[in-house]
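What follows is a short report on a single structure.
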Amino acid sequence: MAEGQPGYKLIYFNARGRAEHIRYVLAFAGVDYVDERISKERWPELKKSMPFGQLPVLEVDGQRIAQSNAIARYLARKHGLVGADEWEAMQCDMLVDSLGDLRTELLQFQKEDDLFKKEEKKAKFVKETIPLFLNKFEKTIAQNNGFAVGSTTTWADFVFAVALENFEQMFGSAALEHYPNLRGLKQRVHAIPAIAEWISRRPHTNS
């Protein structure tokens with residue numbers, strides 16, 4: 001750790017999940033940190049000690065910060081990843097929140113216990129919800145020449161890259177066939193040397 005740099009510990013499960021975009025920010029910024037991965041067996045005993053009983057949590061010199069996007073935004077501000085001005089910072093927030101809405105829609109059918117209703121919800125998600133969101137994202141990225149916001153890399157790019165990687169894993173490698181700009185953004189982010197280096201050595205996980 002560089003002299004004068006805060007001591008960081010990122011606490012999460014052994015998964016990409018809600019922490020991977022934070023890891024991208026840290027990798028891009030070249031920040032040393034402890035990547036603490038909690039086993040499912042240990043989680044019940046640790047849960048009560050975490051803010052709001054959730055992960056991920058970032059420790060900054062021993063002080064704990066909760067909520068994945070609050071953590072990522074805090075680090076992005078510190079390392080110049082929130083765009084050129086307040087307007088671009090707001091656009092980052094808007095796109096990240098919109099991706100959060102899409103994730104909420106996904107969870108609605110994934111958590112459905114009734115198999116018939118689950119298939120109904122999945123069909124609607126695939127045929128209606130995904131195109132609605134992805135077409136809007138595709139247009140935005142095309143207008144920004146391959147960036148989520150503005151003309152430079154922001155933390156929103158990292159959120160998209162992680163989400164799109166998960167999307168392809170869930171629906172197949174051809175899932176982005178009709179969204180070349182989204183696929184191009186993911187590929188561009190994953191080709192950034194610091195991100196590529198992180199991906200090459202991160203633990204293999206299914207999600």
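In the structure tokens, the first chain shown is A, the next is B, and so on; residue numbers restart at 1 for each chain, and ligands run from 1 in the order shown.
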Would you give me, as a VMD selection string, the residues in chain A that DSSP reads as strand (DSSP E or B)? chain A and resid 8 to 13 34 to 38 57 to 60 63 to 66
Identify, on the basis of only C-alpha atoms, every residue whose closest approach to Ile22 in chain A does not exceed 9 Å; exclude the query and any residue fewer than 4 positions from it along the same chain; express the result as a VMD selection string. chain A and resid 10 18 26 to 27 68 to 69 71 to 73 75 to 76 155 158 to 159
At a cut-off of 9 Å, using only C-alpha atoms, what residues contact range 161-165 of chain A? Leave out same-chain residues fewer than 2 positions from it and give the result as an NGL selection string. :A and (16-17 or 20-21 or 24 or 99 or 103 or 156-159 or 167-170 or 176 or 182-183 or 185-190)
When you draw a straight line from CA of Asp97 in chain A to CA of Thr140 in chain A, how long is it in Å?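 Interatomic distance here is 14.7 Å.
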From a DSSP calculation on the backbone, collect every residue of range 8-185 of chain A in helix (DSSP H, G or I) and output the set as a ChimeraX atom specification. /A:20-29,43-47,51-53,68-78,86-110,115-143,155-171,180-185
For Phe13 in chain A, work out the shell of residues within 8 Å, counting only C-alpha atoms and skipping chain neighbours fewer than 3 positions away, then give it as a tab-separated table (two decimals) with N, CA and C atoms, in the first residue's frame.
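Full text of around.tsv as output:
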chain	number	residue	atom	x	y	z
A	36	GLU	N	-11.40	-9.85	0.58
A	36	GLU	CA	-11.82	-10.88	1.53
A	36	GLU	C	-13.11	-11.54	1.07
A	37	ARG	N	-13.05	-12.86	0.88
A	37	ARG	CA	-14.19	-13.61	0.38
A	37	ARG	C	-14.74	-14.50	1.48
A	38	ILE	N	-15.98	-14.22	1.85
A	38	ILE	CA	-16.62	-14.90	2.98
A	38	ILE	C	-17.33	-16.16	2.50
A	39	SER	N	-17.11	-17.27	3.18
A	39	SER	CA	-17.83	-18.50	2.83
A	39	SER	C	-19.28	-18.41	3.30
A	40	LYS	N	-20.14	-19.17	2.63
A	40	LYS	CA	-21.56	-19.18	3.02
A	40	LYS	C	-21.72	-19.70	4.45
A	55	LEU	N	-23.86	-7.69	2.18
A	55	LEU	CA	-22.57	-7.54	1.51
A	55	LEU	C	-22.85	-7.12	0.06
A	56	PRO	N	-21.90	-6.42	-0.57
A	56	PRO	CA	-20.52	-6.15	-0.13
A	56	PRO	C	-20.43	-5.02	0.88
Residue contacts of Asn145 in chain A (10 Å, only C-alpha atoms) excluding same-chain residues fewer than 5 positions away, as a ChimeraX atom specification: /A:140,150-152,181,184-185
When you look at range 120-133 of chain A with a cut-off of 7 Å (counting only C-alpha atoms), what residues show up, excluding the ones that are within fewer than 4 positions of it in the same chain? I need them as a PDB file with N, CA and C atoms, in the first residue's frame.
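To be explicit, this is the file written out as part_6.pdb:
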ATOM      1  N   PHE A 109     -38.658 -13.133 -11.836  1.00  0.00           N
ATOM      2  CA  PHE A 109     -38.978 -14.464 -12.336  1.00  0.00           C
ATOM      3  C   PHE A 109     -38.042 -15.523 -11.761  1.00  0.00           C
ATOM      4  N   PHE A 116     -45.040 -22.752 -13.512  1.00  0.00           N
ATOM      5  CA  PHE A 116     -45.802 -22.212 -14.633  1.00  0.00           C
ATOM      6  C   PHE A 116     -45.673 -20.690 -14.684  1.00  0.00           C
ATOM      7  N   PHE A 137     -30.129   1.249 -24.052  1.00  0.00           N
ATOM      8  CA  PHE A 137     -28.699   1.280 -23.725  1.00  0.00           C
ATOM      9  C   PHE A 137     -27.858   1.271 -25.008  1.00  0.00           C
TER      10      PHE A 137
END
Pairwise distance for CA of Lys48 in chain A and CA of Asp101 in chain A, rounded to one decimal in Å: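 Straight-line distance from CA of Lys48 in chain A to CA of Asp101 in chain A works out to 27.6 Å.
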To one decimal in Å, tell me the separation between CA of Asp61 in chain A and CA of Gly7 in chain A. 4.9 Å
